[in-house]
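Novice: CSV, C-alpha atoms, saved as model.csv, coming up:
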```
chain,number,residue,atom,x,y,z
W,1,MET,CA,-5.5,25.3,-27.1
W,2,LYS,CA,-8.4,25.0,-29.4
W,3,TYR,CA,-9.7,21.5,-30.4
W,4,ARG,CA,-11.9,20.4,-33.3
W,5,ALA,CA,-15.1,18.5,-33.2
W,6,GLU,CA,-17.6,17.5,-35.9
W,7,LEU,CA,-21.4,17.8,-35.3
W,8,ILE,CA,-23.3,14.7,-36.4
W,9,GLY,CA,-26.9,14.6,-35.4
W,10,SER,CA,-27.1,16.4,-32.1
W,11,SER,CA,-23.7,15.1,-30.8
W,12,LEU,CA,-20.2,16.4,-31.3
W,13,PHE,CA,-17.4,14.0,-32.1
W,14,VAL,CA,-13.7,14.6,-31.5
W,15,TRP,CA,-12.0,12.1,-33.8
W,16,ASP,CA,-8.4,12.9,-32.9
W,17,PHE,CA,-7.5,10.7,-29.9
W,18,LYS,CA,-4.9,13.2,-28.6
W,19,SER,CA,-7.5,16.0,-28.6
W,20,ALA,CA,-10.1,13.7,-27.1
W,21,ASN,CA,-7.8,12.9,-24.2
W,22,ALA,CA,-6.9,16.5,-23.7
W,23,ILE,CA,-10.6,17.6,-23.6
W,24,TYR,CA,-11.7,14.7,-21.3
W,25,TRP,CA,-8.9,14.9,-18.8
W,26,ASN,CA,-9.1,18.7,-18.5
W,27,GLY,CA,-12.5,18.8,-16.8
W,28,TYR,CA,-14.1,15.5,-17.7
W,29,TYR,CA,-15.9,16.8,-20.8
W,30,GLY,CA,-17.6,14.2,-23.0
W,31,ARG,CA,-17.3,10.5,-23.0
W,32,PRO,CA,-14.9,8.3,-24.9
W,33,LEU,CA,-16.9,6.4,-27.5
W,34,TRP,CA,-15.1,3.1,-27.0
W,35,VAL,CA,-14.1,3.2,-23.3
W,36,GLN,CA,-16.8,3.2,-20.6
W,37,LYS,CA,-14.7,4.2,-17.6
W,38,PRO,CA,-11.3,5.5,-18.7
W,39,LYS,CA,-8.6,5.1,-16.1
W,40,GLY,CA,-5.8,6.8,-18.0
W,41,GLU,CA,-5.0,7.8,-21.6
W,42,PHE,CA,-7.5,6.2,-24.0
W,43,SER,CA,-7.5,5.3,-27.7
W,44,SER,CA,-11.0,6.4,-28.7
W,45,PRO,CA,-12.9,9.3,-30.2
W,46,LEU,CA,-14.8,11.5,-27.7
W,47,VAL,CA,-18.5,12.3,-27.8
W,48,LEU,CA,-19.6,15.6,-26.4
W,49,ASP,CA,-23.3,16.4,-25.8
W,50,ILE,CA,-24.6,19.7,-27.2
W,51,ILE,CA,-24.6,21.4,-23.8
W,52,GLU,CA,-20.9,20.8,-23.0
W,53,GLY,CA,-20.0,21.3,-26.7
W,54,ALA,CA,-21.7,24.8,-26.7
W,55,TYR,CA,-20.0,25.6,-23.5
W,56,LEU,CA,-16.5,24.7,-24.8
W,57,VAL,CA,-17.2,26.7,-28.0
W,58,GLU,CA,-18.3,29.7,-25.9
W,59,LYS,CA,-15.2,29.4,-23.8
W,60,GLY,CA,-13.1,29.4,-27.0
W,61,ASN,CA,-11.7,25.9,-26.5
W,62,LEU,CA,-13.4,24.2,-29.3
W,63,TYR,CA,-14.2,24.6,-33.0
W,64,VAL,CA,-17.2,22.7,-34.3
W,65,SER,CA,-17.9,21.9,-38.0
W,66,LYS,CA,-20.8,20.5,-39.8
W,67,ASN,CA,-20.4,19.3,-43.4
W,68,GLY,CA,-17.2,21.2,-43.6
W,69,THR,CA,-18.6,24.5,-42.3
W,70,TRP,CA,-17.6,26.0,-38.9
W,71,LEU,CA,-20.4,26.8,-36.5
W,72,SER,CA,-20.7,29.7,-34.2
W,73,THR,CA,-21.8,29.5,-30.6
W,74,SER,CA,-25.2,31.0,-31.4
W,75,GLU,CA,-25.7,28.4,-34.2
W,76,LEU,CA,-24.9,25.6,-31.7
W,77,LEU,CA,-27.2,27.1,-29.1
W,78,ASP,CA,-30.0,27.3,-31.8
W,79,LEU,CA,-29.3,23.6,-32.5
W,80,GLY,CA,-29.5,22.8,-28.8
W,81,ARG,CA,-32.9,24.6,-28.6
W,82,SER,CA,-34.2,22.5,-31.5
W,83,VAL,CA,-33.3,19.2,-29.9
W,84,HIS,CA,-34.1,20.0,-26.3
W,85,GLU,CA,-37.2,21.9,-25.1
W,86,ARG,CA,-35.4,23.2,-21.9
W,87,PHE,CA,-32.1,23.8,-23.5
W,88,ASP,CA,-31.6,27.4,-22.4
W,89,ASP,CA,-32.4,26.6,-18.8
W,90,LEU,CA,-30.1,23.5,-18.8
W,91,TYR,CA,-27.3,25.5,-20.5
W,92,ALA,CA,-27.6,28.3,-18.0
W,93,ALA,CA,-27.4,25.9,-15.0
W,94,TYR,CA,-24.6,23.9,-16.6
W,95,LYS,CA,-22.6,27.0,-17.3
W,96,ARG,CA,-23.0,28.4,-13.8
W,97,LEU,CA,-22.1,25.0,-12.2
W,98,ARG,CA,-18.9,24.8,-14.4
W,99,GLU,CA,-18.1,28.4,-13.4
W,100,MET,CA,-18.4,27.4,-9.8
W,101,GLY,CA,-15.7,24.8,-10.4
W,102,PHE,CA,-17.8,21.7,-10.6
W,103,VAL,CA,-17.5,18.8,-13.0
W,104,VAL,CA,-21.0,18.5,-14.5
W,105,LEU,CA,-22.2,15.3,-16.2
W,106,PRO,CA,-25.7,14.3,-17.4
W,107,GLY,CA,-27.9,13.1,-14.5
W,108,ILE,CA,-30.5,11.2,-16.3
W,109,LYS,CA,-29.4,7.9,-14.8
W,110,PHE,CA,-30.2,9.4,-11.4
W,111,GLY,CA,-33.5,10.8,-12.7
W,112,ALA,CA,-32.1,14.3,-12.6
W,113,ASP,CA,-30.7,16.8,-15.2
W,114,PHE,CA,-27.1,16.8,-13.9
W,115,ALA,CA,-24.8,14.8,-11.7
W,116,VAL,CA,-22.3,17.2,-10.2
W,117,TYR,CA,-18.8,16.3,-8.9
W,118,ARG,CA,-16.3,18.3,-7.0
W,119,LYS,CA,-13.4,16.4,-8.4
W,120,GLY,CA,-14.7,14.1,-11.2
W,121,PRO,CA,-16.1,10.7,-12.0
W,122,GLY,CA,-13.9,7.8,-11.0
W,123,ILE,CA,-12.4,9.8,-8.2
W,124,GLU,CA,-15.6,10.2,-6.1
W,125,HIS,CA,-19.3,9.5,-6.4
W,126,ALA,CA,-21.2,12.6,-7.6
W,127,PRO,CA,-22.1,14.4,-4.3
W,128,TYR,CA,-25.0,16.2,-5.9
W,129,ILE,CA,-27.8,15.6,-8.3
W,130,VAL,CA,-29.4,18.7,-9.9
W,131,LYS,CA,-32.8,19.3,-11.3
W,132,VAL,CA,-33.5,22.5,-13.3
W,133,PHE,CA,-36.6,24.6,-12.8
W,134,ARG,CA,-37.8,27.9,-14.1
W,135,PRO,CA,-39.1,30.4,-11.4
W,136,ASN,CA,-42.7,29.8,-12.5
W,137,SER,CA,-42.3,26.0,-12.6
W,138,GLU,CA,-44.6,24.4,-10.2
W,139,VAL,CA,-42.9,22.2,-7.7
W,140,SER,CA,-45.1,19.5,-6.1
W,141,ALA,CA,-44.7,17.6,-2.9
W,142,THR,CA,-44.2,14.5,-5.0
W,143,ASP,CA,-41.3,16.2,-6.9
W,144,VAL,CA,-39.5,16.9,-3.6
W,145,VAL,CA,-40.0,13.5,-2.1
W,146,LEU,CA,-39.1,11.7,-5.4
W,147,THR,CA,-35.9,13.7,-5.7
W,148,GLY,CA,-35.2,13.3,-2.0
W,149,ARG,CA,-35.7,9.6,-2.1
W,150,LEU,CA,-33.5,9.3,-5.1
W,151,GLY,CA,-30.8,11.5,-3.5
W,152,ARG,CA,-30.8,9.3,-0.4
W,153,SER,CA,-30.8,6.0,-2.3
W,154,VAL,CA,-27.8,7.1,-4.3
W,155,LYS,CA,-26.2,8.9,-1.3
W,156,LYS,CA,-26.3,12.3,-3.0
W,157,LYS,CA,-27.6,15.7,-1.9
W,158,PHE,CA,-30.2,17.0,-4.3
W,159,VAL,CA,-30.2,20.5,-5.5
W,160,TYR,CA,-32.8,22.5,-7.5
W,161,ALA,CA,-31.4,25.0,-10.0
W,162,ILE,CA,-33.9,27.9,-10.5
W,163,VAL,CA,-33.0,29.7,-13.7
W,164,LYS,CA,-34.3,33.2,-14.0
W,165,ASP,CA,-32.3,33.9,-17.1
W,166,SER,CA,-28.9,33.0,-18.6
W,167,GLU,CA,-27.1,35.0,-16.0
W,168,ASN,CA,-29.2,34.4,-12.9
W,169,VAL,CA,-29.3,31.0,-11.5
W,170,ASP,CA,-30.1,30.1,-7.9
W,171,PHE,CA,-29.4,26.8,-6.3
W,172,VAL,CA,-31.4,25.4,-3.4
W,173,GLY,CA,-30.3,22.1,-1.9
W,174,PHE,CA,-32.3,19.7,0.3
W,175,ASP,CA,-31.1,17.2,2.9
W,176,TRP,CA,-33.4,14.6,4.5
W,177,TRP,CA,-34.0,15.7,8.1
W,178,LYS,CA,-35.1,13.7,11.1
W,179,PRO,CA,-36.8,15.8,13.8
L,1,MET,CA,-50.4,32.7,31.6
L,2,SER,CA,-52.9,34.7,33.7
L,3,LYS,CA,-56.3,33.2,34.3
L,4,ARG,CA,-57.8,36.6,33.5
L,5,ALA,CA,-56.1,36.9,30.1
L,6,LYS,CA,-58.5,37.0,27.2
L,7,PHE,CA,-58.1,34.3,24.6
L,8,PHE,CA,-58.9,34.7,20.9
L,9,LEU,CA,-59.0,32.1,18.2
L,10,LEU,CA,-57.9,33.3,14.8
L,11,ILE,CA,-59.9,31.4,12.3
L,12,GLY,CA,-60.2,32.4,8.7
L,13,ASP,CA,-60.2,36.2,8.7
L,14,LYS,CA,-62.1,36.2,12.0
L,15,LYS,CA,-61.0,36.7,15.6
L,16,GLU,CA,-63.3,34.8,18.0
L,17,GLU,CA,-63.1,35.2,21.7
L,18,VAL,CA,-62.9,31.8,23.5
L,19,SER,CA,-62.8,30.9,27.2
L,20,LEU,CA,-60.4,28.3,28.5
L,21,GLU,CA,-61.1,26.3,31.6
L,22,SER,CA,-57.5,25.6,32.4
L,23,PRO,CA,-55.4,28.4,30.8
L,24,GLU,CA,-52.4,27.5,33.0
L,25,ALA,CA,-52.2,24.1,31.2
L,26,ILE,CA,-51.5,25.7,27.8
L,27,ALA,CA,-48.2,27.4,28.7
L,28,GLY,CA,-46.1,28.0,25.6
L,29,ILE,CA,-49.1,27.8,23.2
L,30,GLY,CA,-50.4,30.8,21.5
L,31,GLN,CA,-49.1,34.3,21.0
L,32,GLU,CA,-49.5,37.0,23.7
L,33,GLU,CA,-50.2,40.5,22.6
L,34,ASP,CA,-51.3,43.4,24.9
L,35,GLY,CA,-52.5,41.0,27.6
L,36,ALA,CA,-54.5,38.8,25.3
L,37,VAL,CA,-53.5,35.4,23.9
L,38,TYR,CA,-54.1,34.6,20.3
L,39,LEU,CA,-54.5,31.0,19.2
L,40,MET,CA,-54.1,29.7,15.7
L,41,PRO,CA,-56.5,26.8,14.7
L,42,TYR,CA,-53.6,24.3,14.9
L,43,GLU,CA,-52.9,25.4,18.5
L,44,ALA,CA,-56.5,25.2,19.5
L,45,LEU,CA,-56.8,21.8,17.9
L,46,TYR,CA,-53.8,20.6,19.8
L,47,ILE,CA,-55.2,21.9,23.1
L,48,LEU,CA,-58.4,20.0,22.5
L,49,GLU,CA,-56.8,16.8,21.2
L,50,LYS,CA,-54.5,16.6,24.2
L,51,GLY,CA,-57.4,17.6,26.6
L,52,LEU,CA,-55.2,20.4,28.0
L,53,SER,CA,-58.2,22.6,28.6
L,54,ARG,CA,-61.9,22.7,27.8
L,55,MET,CA,-62.8,25.6,25.5
L,56,THR,CA,-66.0,27.5,24.9
L,57,LEU,CA,-66.9,29.7,22.0
L,58,ASN,CA,-70.0,31.9,22.2
L,59,GLY,CA,-71.1,30.0,25.3
L,60,ALA,CA,-70.9,26.6,23.7
L,61,GLU,CA,-68.2,24.1,24.4
L,62,VAL,CA,-65.9,23.5,21.4
L,63,GLU,CA,-64.9,20.0,20.6
L,64,PHE,CA,-62.0,18.8,18.4
L,65,GLN,CA,-64.2,17.5,15.6
L,66,GLY,CA,-66.3,20.6,15.4
L,67,LEU,CA,-63.3,22.9,15.4
L,68,PHE,CA,-61.5,20.8,12.8
L,69,ARG,CA,-64.5,21.0,10.6
L,70,MET,CA,-65.1,24.7,11.2
L,71,ALA,CA,-61.4,25.6,10.6
L,72,THR,CA,-61.2,23.6,7.4
L,73,GLU,CA,-64.3,25.3,6.1
L,74,SER,CA,-62.7,28.6,6.8
L,75,GLY,CA,-59.7,27.7,4.6
L,76,PHE,CA,-57.4,26.3,7.3
L,77,ASN,CA,-54.7,24.0,6.0
L,78,THR,CA,-54.9,20.9,8.2
L,79,SER,CA,-51.3,20.0,7.2
L,80,VAL,CA,-50.1,22.7,9.5
L,81,TYR,CA,-51.9,21.1,12.4
L,82,LEU,CA,-50.3,17.7,11.5
L,83,VAL,CA,-46.8,19.2,11.3
L,84,TYR,CA,-47.4,21.2,14.5
L,85,ARG,CA,-48.5,18.2,16.5
L,86,ASP,CA,-45.7,16.0,15.1
L,87,LEU,CA,-43.0,18.4,16.1
L,88,LYS,CA,-44.7,19.2,19.4
L,89,GLU,CA,-44.8,15.5,20.3
L,90,LYS,CA,-41.1,15.3,19.6
L,91,GLY,CA,-40.5,18.0,22.2
L,92,TYR,CA,-40.2,21.1,20.0
L,93,TYR,CA,-41.3,24.5,21.1
L,94,ILE,CA,-43.4,26.1,18.3
L,95,LYS,CA,-44.6,29.5,17.4
L,96,ARG,CA,-46.5,30.7,14.4
L,97,GLY,CA,-44.6,31.5,11.2
L,98,LEU,CA,-44.4,34.4,8.9
L,99,GLU,CA,-46.9,33.9,6.1
L,100,PRO,CA,-46.5,33.6,3.1
L,101,TYR,CA,-42.9,32.6,3.6
L,102,TYR,CA,-43.2,29.9,6.2
L,103,GLN,CA,-45.9,28.5,8.5
L,104,LEU,CA,-44.1,27.6,11.7
L,105,SER,CA,-41.2,28.7,13.8
L,106,VAL,CA,-39.6,25.8,15.7
L,107,ALA,CA,-37.0,25.4,18.4
L,108,ARG,CA,-35.7,22.5,20.4
L,109,GLY,CA,-36.6,22.7,24.1
L,110,GLY,CA,-34.8,25.5,25.8
L,111,GLU,CA,-33.7,27.1,22.6
L,112,ALA,CA,-34.7,30.7,21.8
L,113,PRO,CA,-35.3,32.2,19.4
L,114,SER,CA,-36.6,29.5,17.1
L,115,SER,CA,-33.9,27.7,15.2
L,116,TYR,CA,-36.0,26.4,12.4
L,117,LYS,CA,-38.7,27.8,10.1
L,118,VAL,CA,-41.0,25.4,8.5
L,119,ILE,CA,-42.4,25.6,5.0
L,120,ILE,CA,-45.3,23.1,4.6
L,121,LEU,CA,-46.2,21.5,1.3
L,122,LYS,CA,-49.0,19.0,1.0
L,123,GLU,CA,-49.3,16.2,-1.5
L,124,GLY,CA,-51.3,17.4,-4.5
L,125,GLU,CA,-50.4,21.0,-4.0
L,126,PHE,CA,-47.8,22.9,-5.9
L,127,VAL,CA,-45.6,25.8,-5.0
L,128,ARG,CA,-43.9,28.0,-7.6
L,129,ALA,CA,-40.1,27.4,-7.6
L,130,LEU,CA,-39.6,31.2,-7.1
L,131,LYS,CA,-41.9,31.3,-4.0
L,132,LEU,CA,-40.1,28.3,-2.5
L,133,LEU,CA,-36.7,30.0,-3.2
L,134,LYS,CA,-37.9,33.3,-1.7
L,135,GLY,CA,-39.2,31.5,1.5
L,136,ILE,CA,-35.9,29.7,1.9
L,137,LYS,CA,-33.9,32.9,1.3
L,138,GLU,CA,-36.1,34.8,3.8
L,139,ILE,CA,-35.4,32.2,6.5
L,140,ILE,CA,-31.7,32.2,5.8
L,141,LYS,CA,-31.7,36.0,6.0
L,142,GLU,CA,-33.1,35.6,9.5
L,143,ASN,CA,-30.2,33.3,10.3
L,144,ARG,CA,-32.5,30.4,10.8
L,145,GLU,CA,-32.6,27.0,9.2
L,146,PRO,CA,-35.3,26.3,6.6
L,147,LEU,CA,-37.2,23.1,6.8
L,148,LEU,CA,-39.5,21.8,4.2
L,149,ALA,CA,-42.3,19.5,5.6
L,150,ILE,CA,-43.9,17.3,3.0
L,151,VAL,CA,-47.3,16.0,4.1
L,152,ASP,CA,-48.7,13.1,2.2
L,153,ARG,CA,-52.5,12.6,1.7
L,154,ARG,CA,-52.8,10.5,4.8
L,155,GLY,CA,-50.8,12.9,6.9
L,156,GLU,CA,-47.4,11.2,7.0
L,157,ILE,CA,-44.6,13.8,7.1
L,158,THR,CA,-41.2,13.8,5.5
L,159,TYR,CA,-38.8,16.6,6.4
L,160,TYR,CA,-36.0,18.2,4.5
L,161,LYS,CA,-33.5,20.8,5.6
L,162,ALA,CA,-33.0,23.3,2.8
L,163,PHE,CA,-29.9,25.3,2.0
L,164,ILE,CA,-28.7,27.7,-0.6
L,165,PHE,CA,-26.1,25.9,-2.6
L,166,HIS,CA,-23.0,27.9,-3.3
L,167,GLY,CA,-20.8,25.0,-4.1
L,168,GLU,CA,-19.9,24.1,-0.5
L,169,ALA,CA,-19.4,20.5,0.6
```
Let me see the structure of the file written as structure tokens.
Specialist:
Amino acid sequence: MKYRAELIGSSLFVWDFKSANAIYWNGYYGRPLWVQKPKGEFSSPLVLDIIEGAYLVEKGNLYVSKNGTWLSTSELLDLGRSVHERFDDLYAAYKRLREMGFVVLPGIKFGADFAVYRKGPGIEHAPYIVKVFRPNSEVSATDVVLTGRLGRSVKKKFVYAIVKDSENVDFVGFDWWKP
Amino acid sequence: MSKRAKFFLLIGDKKEEVSLESPEAIAGIGQEEDGAVYLMPYEALYILEKGLSRMTLNGAEVEFQGLFRMATESGFNTSVYLVYRDLKEKGYYIKRGLEPYYQLSVARGGEAPSSYKVIILKEGEFVRALKLLKGIKEIIKENREPLLAIVDRRGEITYYKAFIFHGEA
């Protein structure tokens, strides 16, 4: 089934409630505009961010239009690059995590790039928070401790995604350890 | 450890012969090769700090402070000593690591070979994400557990166990 979304600014809106529910409940993509924590079927449009929108378009599950014109995956990816400096790295990590079967949500409220669930929000707390790095990114002691502290305070394991290119992403996790 | 064994201190890129008054007191410290025992600066510092043996270098007695200064001037990373002593004090058995991947090999008392390999990162220093990843992968390839020891600017240490994330629980 292919759904329709409209690009406004850098967000994608699914106006049809039925489509919004289908997209949301089939992998927790997007966020209902008028419902903070949906428990069941909701009556609201759905907002998708550009990363998940591009992923759904690439998978062939979504059409996106802007001012009445359909956009290709590459046009959406270009738009993503124009709104987010690290878009390609984030997209590669997002895609890989989704392919691994995870539900992937924005992680900014945890100070990370992604919050990653095995089952989904509302069913469990996100077990992982993920920060995305390039192979040449410099990781400092402070980065590790900050993410580690954060992970512990919100009871999550923290994982670094190291993105070599769109097809090569390594994930390294860290757990606080007491000798 | 034989009283007649020769002892060498590896400092910077030099190998200095040292004499130990009580070599039997440093069992488990240093690496034996061809009848000689090689000490890393952190091991020599630990010996002196704990008063396990007096040590002389070129006929002069070496003291902790002097060795600390000399080792640091030769590029020795004092964080390694801090992690070494912390784990040693907690009962771990420690051998030198495999540079540049990891600095220490660590086992709980009685365990052999070492269960953990320790990568040390000091506050203010940076490591390239790829280098960190390679170190962790190298340790996992050896079927050991990678540890990351973060040393703050006053020497406090926080440890993390690293793992390659494949999506497991």
Novice: For atom CA of W:Glu75 and atom CA of W:Tyr28, quote the distance in Å rounded to one decimal.
Specialist: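 Separating atom CA of W:Glu75 from atom CA of W:Tyr28 is a distance of 23.9 Å.
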Novice: Kindly determine which residues of chain W lie within 12 Å of chain L, considering only C-alpha atoms, and give the answer as a PDB file with C-alpha atoms, keeping the file's coordinate frame.
Specialist:
```pdb
ATOM      1  CA  ARG W  96     -23.000  28.400 -13.800  1.00  0.00           C
ATOM      2  CA  LEU W  97     -22.100  25.000 -12.200  1.00  0.00           C
ATOM      3  CA  ARG W  98     -18.900  24.800 -14.400  1.00  0.00           C
ATOM      4  CA  GLU W  99     -18.100  28.400 -13.400  1.00  0.00           C
ATOM      5  CA  MET W 100     -18.400  27.400  -9.800  1.00  0.00           C
ATOM      6  CA  GLY W 101     -15.700  24.800 -10.400  1.00  0.00           C
ATOM      7  CA  PHE W 102     -17.800  21.700 -10.600  1.00  0.00           C
ATOM      8  CA  VAL W 103     -17.500  18.800 -13.000  1.00  0.00           C
ATOM      9  CA  VAL W 116     -22.300  17.200 -10.200  1.00  0.00           C
ATOM     10  CA  TYR W 117     -18.800  16.300  -8.900  1.00  0.00           C
ATOM     11  CA  ARG W 118     -16.300  18.300  -7.000  1.00  0.00           C
ATOM     12  CA  LYS W 119     -13.400  16.400  -8.400  1.00  0.00           C
ATOM     13  CA  ALA W 126     -21.200  12.600  -7.600  1.00  0.00           C
ATOM     14  CA  PRO W 127     -22.100  14.400  -4.300  1.00  0.00           C
ATOM     15  CA  TYR W 128     -25.000  16.200  -5.900  1.00  0.00           C
ATOM     16  CA  ILE W 129     -27.800  15.600  -8.300  1.00  0.00           C
ATOM     17  CA  VAL W 130     -29.400  18.700  -9.900  1.00  0.00           C
ATOM     18  CA  LYS W 131     -32.800  19.300 -11.300  1.00  0.00           C
ATOM     19  CA  VAL W 132     -33.500  22.500 -13.300  1.00  0.00           C
ATOM     20  CA  PHE W 133     -36.600  24.600 -12.800  1.00  0.00           C
ATOM     21  CA  ARG W 134     -37.800  27.900 -14.100  1.00  0.00           C
ATOM     22  CA  PRO W 135     -39.100  30.400 -11.400  1.00  0.00           C
ATOM     23  CA  ASN W 136     -42.700  29.800 -12.500  1.00  0.00           C
ATOM     24  CA  SER W 137     -42.300  26.000 -12.600  1.00  0.00           C
ATOM     25  CA  GLU W 138     -44.600  24.400 -10.200  1.00  0.00           C
ATOM     26  CA  VAL W 139     -42.900  22.200  -7.700  1.00  0.00           C
ATOM     27  CA  SER W 140     -45.100  19.500  -6.100  1.00  0.00           C
ATOM     28  CA  ALA W 141     -44.700  17.600  -2.900  1.00  0.00           C
ATOM     29  CA  THR W 142     -44.200  14.500  -5.000  1.00  0.00           C
ATOM     30  CA  ASP W 143     -41.300  16.200  -6.900  1.00  0.00           C
ATOM     31  CA  VAL W 144     -39.500  16.900  -3.600  1.00  0.00           C
ATOM     32  CA  VAL W 145     -40.000  13.500  -2.100  1.00  0.00           C
ATOM     33  CA  LEU W 146     -39.100  11.700  -5.400  1.00  0.00           C
ATOM     34  CA  THR W 147     -35.900  13.700  -5.700  1.00  0.00           C
ATOM     35  CA  GLY W 148     -35.200  13.300  -2.000  1.00  0.00           C
ATOM     36  CA  ARG W 149     -35.700   9.600  -2.100  1.00  0.00           C
ATOM     37  CA  GLY W 151     -30.800  11.500  -3.500  1.00  0.00           C
ATOM     38  CA  ARG W 152     -30.800   9.300  -0.400  1.00  0.00           C
ATOM     39  CA  LYS W 156     -26.300  12.300  -3.000  1.00  0.00           C
ATOM     40  CA  LYS W 157     -27.600  15.700  -1.900  1.00  0.00           C
ATOM     41  CA  PHE W 158     -30.200  17.000  -4.300  1.00  0.00           C
ATOM     42  CA  VAL W 159     -30.200  20.500  -5.500  1.00  0.00           C
ATOM     43  CA  TYR W 160     -32.800  22.500  -7.500  1.00  0.00           C
ATOM     44  CA  ALA W 161     -31.400  25.000 -10.000  1.00  0.00           C
ATOM     45  CA  ILE W 162     -33.900  27.900 -10.500  1.00  0.00           C
ATOM     46  CA  VAL W 163     -33.000  29.700 -13.700  1.00  0.00           C
ATOM     47  CA  LYS W 164     -34.300  33.200 -14.000  1.00  0.00           C
ATOM     48  CA  VAL W 169     -29.300  31.000 -11.500  1.00  0.00           C
ATOM     49  CA  ASP W 170     -30.100  30.100  -7.900  1.00  0.00           C
ATOM     50  CA  PHE W 171     -29.400  26.800  -6.300  1.00  0.00           C
ATOM     51  CA  VAL W 172     -31.400  25.400  -3.400  1.00  0.00           C
ATOM     52  CA  GLY W 173     -30.300  22.100  -1.900  1.00  0.00           C
ATOM     53  CA  PHE W 174     -32.300  19.700   0.300  1.00  0.00           C
ATOM     54  CA  ASP W 175     -31.100  17.200   2.900  1.00  0.00           C
ATOM     55  CA  TRP W 176     -33.400  14.600   4.500  1.00  0.00           C
ATOM     56  CA  TRP W 177     -34.000  15.700   8.100  1.00  0.00           C
ATOM     57  CA  LYS W 178     -35.100  13.700  11.100  1.00  0.00           C
ATOM     58  CA  PRO W 179     -36.800  15.800  13.800  1.00  0.00           C
TER      59      PRO W 179
END
```
Novice: Can you tell me which residues surround stretch 28-33 of chain L at a distance of at most 8 Å, considering all atoms listed in the file, apart from same-chain residues fewer than 6 positions away, and format the answer as a compact mmCIF listing (two decimals) with C-alpha atoms, in the frame of the given file?
Specialist:
```txt
# COMPACT_ATOMS: atom_id res chain seq x y z
CA LEU L 39 -54.50 31.00 19.20
CA MET L 40 -54.10 29.70 15.70
CA GLU L 43 -52.90 25.40 18.50
CA TYR L 93 -41.30 24.50 21.10
CA ILE L 94 -43.40 26.10 18.30
CA LYS L 95 -44.60 29.50 17.40
CA ARG L 96 -46.50 30.70 14.40
```
Novice: Identify the residues within 6 Å of coordinate (-57.7, 36.4, 21.5) (same frame as the file), considering only C-alpha atoms, and give the answer as a VMD selection string.
Specialist: chain L and resid 6 to 9 17 36 to 38
Novice: Keeping C-alpha atoms for every residue in the selection just given, could you write it to a file as a CSV table (one decimal), keeping the file's coordinate frame?
Specialist:
```
chain,number,residue,atom,x,y,z
L,6,LYS,CA,-58.5,37.0,27.2
L,7,PHE,CA,-58.1,34.3,24.6
L,8,PHE,CA,-58.9,34.7,20.9
L,9,LEU,CA,-59.0,32.1,18.2
L,17,GLU,CA,-63.1,35.2,21.7
L,36,ALA,CA,-54.5,38.8,25.3
L,37,VAL,CA,-53.5,35.4,23.9
L,38,TYR,CA,-54.1,34.6,20.3
```
Novice: Just want the 10 Å neighbourhood of stretch 50-63 of chain L, counted on only C-alpha atoms, with same-chain residues fewer than 5 positions away dropped. Output as a list in words.
Specialist: Phe7, Phe8, Leu9, Glu16, Glu17, Val18, Ser19, Leu20, Glu21, Ser22, Pro23, Glu24, Ala25, Ile26, Ala27, Ala44, Leu45, Phe68 and Arg85 of chain L
Novice: Those residues with C-alpha atoms, as a JSON list (two decimals), keeping the file's coordinate frame please?
Specialist:
```json
[["chain", "number", "residue", "atom", "x", "y", "z"],
["L", 7, "PHE", "CA", -58.10, 34.30, 24.60],
["L", 8, "PHE", "CA", -58.90, 34.70, 20.90],
["L", 9, "LEU", "CA", -59.00, 32.10, 18.20],
["L", 16, "GLU", "CA", -63.30, 34.80, 18.00],
["L", 17, "GLU", "CA", -63.10, 35.20, 21.70],
["L", 18, "VAL", "CA", -62.90, 31.80, 23.50],
["L", 19, "SER", "CA", -62.80, 30.90, 27.20],
["L", 20, "LEU", "CA", -60.40, 28.30, 28.50],
["L", 21, "GLU", "CA", -61.10, 26.30, 31.60],
["L", 22, "SER", "CA", -57.50, 25.60, 32.40],
["L", 23, "PRO", "CA", -55.40, 28.40, 30.80],
["L", 24, "GLU", "CA", -52.40, 27.50, 33.00],
["L", 25, "ALA", "CA", -52.20, 24.10, 31.20],
["L", 26, "ILE", "CA", -51.50, 25.70, 27.80],
["L", 27, "ALA", "CA", -48.20, 27.40, 28.70],
["L", 44, "ALA", "CA", -56.50, 25.20, 19.50],
["L", 45, "LEU", "CA", -56.80, 21.80, 17.90],
["L", 68, "PHE", "CA", -61.50, 20.80, 12.80],
["L", 85, "ARG", "CA", -48.50, 18.20, 16.50]]
```
Novice: Go through W:Phe13, W:Met1, W:Phe110, W:Ile50 one by one, measure the shortest atom-to-atom distance of each to W:His84 using all atoms listed in the file, and give the residue with the smallest value.
Specialist: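 Checking each of W:Phe13, W:Met1, W:Phe110, W:Ile50 against W:His84, counting all atoms listed in the file, the winner is W:Ile50.
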Novice: Within 12 Å of (-10.9, 13.7, -12.7) (coordinates as in the file), grab all the protein and nucleic acid residues, counting only C-alpha atoms, and write them out as a PyMOL selection string.
Specialist: chain W and resi 21+23-29+37-40+102-105+117-126
Novice: Give me, please, the distance in Å between atom CA of W:Ile51 and atom CA of W:Ser82, quoted to one decimal.
Specialist: 12.4 Å
Novice: Any idea what the distance is between atom CA of L:Pro100 and atom CA of L:Gly135?
Specialist: 7.8 Å
Novice: Using only C-alpha atoms, which residue out of W:Lys2, W:Lys59, W:Lys109, W:Lys95 lies closest to W:Ser19?
Specialist: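 Ranking W:Lys2, W:Lys59, W:Lys109, W:Lys95 by distance to W:Ser19, first place goes to W:Lys2.
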